[in-house]
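Engineer: Take this structure first; my questions come after.
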There are 2 protein chains.
Amino acid sequence: MSSSSFPISITVLGSGTSQGVPMIGCDCPVCRSTDPRDKRTRCSVYITTPEAALLIDTPPELRLQSLRAGLNRVDAVLITHAHADHIMGFDDLRRYCDLKNGAMPVYGSKETLDRIAGIFPYAFDPTKRVPGYVFVDVHAVDSTFPLGGLQITPFSLPHGRFLSTGYLLQRDGEKVFAYMNDCKDVPTPVRDAIRDVNCLMIDGLRDEPHPTHLNVSEAIAISRDVRAKHTYLTHLTHHKSHVQRESELPNGIQVAYDSLSFKL
Amino acid sequence: MSSSSFPISITVLGSGTSQGVPMIGCDCPVCRSTDPRDKRTRCSVYITTPEAALLIDTPPELRLQSLRAGLNRVDAVLITHAHADHIMGFDDLRRYCDLKNGAMPVYGSKETLDRIAGIFPYAFDPTKRVPGYVFVDVHAVDSTFPLGGLQITPFSLPHGRFLSTGYLLQRDGEKVFAYMNDCKDVPTPVRDAIRDVNCLMIDGLRDEPHPTHLNVSEAIAISRDVRAKHTYLTHLTHHKSHVQRESELPNGIQVAYDSLSFKL
């Protein structure tokens, strides 16, 4: 989408809502679809720069997502929030610790990291580091930090009774990629911060309103307001097929799917 | 294997050790194998009787295991222990709660259930029951209980610094199936209790000894000692292919694999 000082590669590992698509025991047309784009594991994104390979979130399917994408390297992990569909594959980072032979840097809000430490205490206790198991270097972040040659800015987003964290990735001051997979709104200061971003990937759960997620029309309105050059909807339900959703979207807005890959 | 008063169907949903097979980023011959029996998700077993459908453990891949097996019903869940590879799919029971329109009975040791309640507190708090989310009826068990027309006996098994729970399923007093997927030994009183069982499915991690798991020769010795009529090894690593393992085993002992299904 843009040629610049160095390329950034984005691969969508998962694009589904909390129950995934297909849903267990559902025989709706979308859950029975044979289109691979209608098979949505839980949300995760893999990002590579010349310096580093970054993972956003560790959903339950992380191991199988990693195998499907042929991954053998993760240098750091960003977490959006501690809901089950975004963190229950955290223990599978053990293999990436093995492969890098060291601790995994994990970034997120203090609240999110505290919650993960309560669930996976062995990974966070430096006195209990055991080769072959996951162990992390904790980075509680609330302002821009450098990583993999990028400048990454975390933003708090309303997500029901919780806050999730969205991330803006900048390359030499160029707003390249904004990722906000679970949110009910994007506050004005965040909109101002990401305005004119090259690519926005944003919660677009379904057509109907939802108490804790953006629906499609809300996501489109935000995309327009921030003047994203390109937008992908993610965290999608089984209510519509990939093909049907895409046919209903305006120019410049598409639907993410598992294994979608592009460069920025 | 036995015709009796009613049939019991066993389906292996997962048969792999904690990192699964293939392992992320491993290019050994087994991890590159195209034999579907060398694709091992984390251990889980699905058991049906005329009265009920039971699940043992909720590994991270539970959703995809459920889809692969075409499951649309779970009436109760038995948990062996709270290590990540056995419980991190617990939230995906939400769909089975939806399908049954009620709470999910979950059985296990008090220690195991307390640990799961710490990880998924919303599922265990009756004041927070929300339609669409998982919520459970807790059954901390340490002696024989009736379920699905069976009599089920939990046994504590040594598993490193922890205990795991093995389960013996009896049909009208007939010892039908014993399942012990994570253990370093089977204590004498447990061996006495399961002696002459129709089918034993037991930890047989790999050939080399392991501090917290049975290796293949130890598992074979236990199978012989308890005079199991048939034995399946499970919780297997990537060290050998399915075909090679099976070729090395004595009569009456086989290797479990994902999607293996049989009646007892």
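Each chain in the structure tokens gets a letter, A, B, ..., in the order shown, and its residues are numbered from 1; ligands are numbered from 1 in order too.
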Return as a ChimeraX atom specification the full set of residues in stretch 69-260 of chain A whose backbone-based DSSP assignment is alpha helix (DSSP H).
Structural biologist: /A:69,84-87,93-100,110-119,121-124,188-194,216-226,242-247
Engineer: Can you work out which residues from chain B touch chain A at a cut-off of 6 Å (counting only C-alpha atoms) and hand them back as a ChimeraX atom specification?
Structural biologist: /B:24-25,60,67,72,88,119
Engineer: Which residues are near B:Gly149? Cut-off 12 Å, only C-alpha atoms, ignore same chain within fewer than 4 positions. Put them as a ChimeraX atom specification.
Structural biologist: /B:5-8,47-54,145,169-173
Engineer: For B:Ala256, please output as a list of chain:residue names all residues within 7 Å (counting only C-alpha atoms; exclusion window: fewer than 2 positions along the same chain).
Structural biologist: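 In the requested format, the answer is B:Ser15, B:Tyr232, B:Leu233, B:Thr234, B:Gln254, B:Leu260.
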Engineer: Would you write out those residues with C-alpha atoms, as an mmCIF file, in the first residue's frame?
Structural biologist:
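To be explicit, this is the file written out as out17.cif:
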data_model
loop_
_atom_site.group_PDB
_atom_site.id
_atom_site.type_symbol
_atom_site.label_atom_id
_atom_site.label_comp_id
_atom_site.auth_asym_id
_atom_site.auth_seq_id
_atom_site.Cartn_x
_atom_site.Cartn_y
_atom_site.Cartn_z
ATOM 1 C CA SER B 15 -3.486 -37.260 21.979
ATOM 2 C CA TYR B 232 -3.692 -47.185 24.299
ATOM 3 C CA LEU B 233 -0.743 -44.888 24.928
ATOM 4 C CA THR B 234 -1.501 -41.168 24.811
ATOM 5 C CA GLN B 254 -1.545 -49.518 20.648
ATOM 6 C CA LEU B 260 -9.479 -42.553 17.027
#
Engineer: Could you tell me which of B:Asp125, B:Asp196, B:Asp207, B:Glu218 comes closest to B:Ala178 if we count only C-alpha atoms?
Structural biologist: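 Once distances to B:Ala178 are computed over only C-alpha atoms, the minimum belongs to B:Asp196.
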Engineer: What residues in stretch 25-231 of chain B get the DSSP label strand (DSSP E or B)? Please answer as a VMD selection string.
Structural biologist: chain B and resid 40 42 44 to 48 53 to 56 76 to 78 104 to 108 136 to 140 145 to 147 150 to 159 162 to 171 174 to 180 199 to 203 230 to 231
Engineer: Interatomic distance between atom CA of B:Ala103 and atom CA of B:Val136?
Structural biologist: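 Going from atom CA of B:Ala103 over to atom CA of B:Val136, I get 4.9 Å.
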Engineer: Please measure the separation of atom CA of B:Cys31 and atom CA of B:Leu205, giving the value in Å to one decimal.
Structural biologist: 15.7 Å
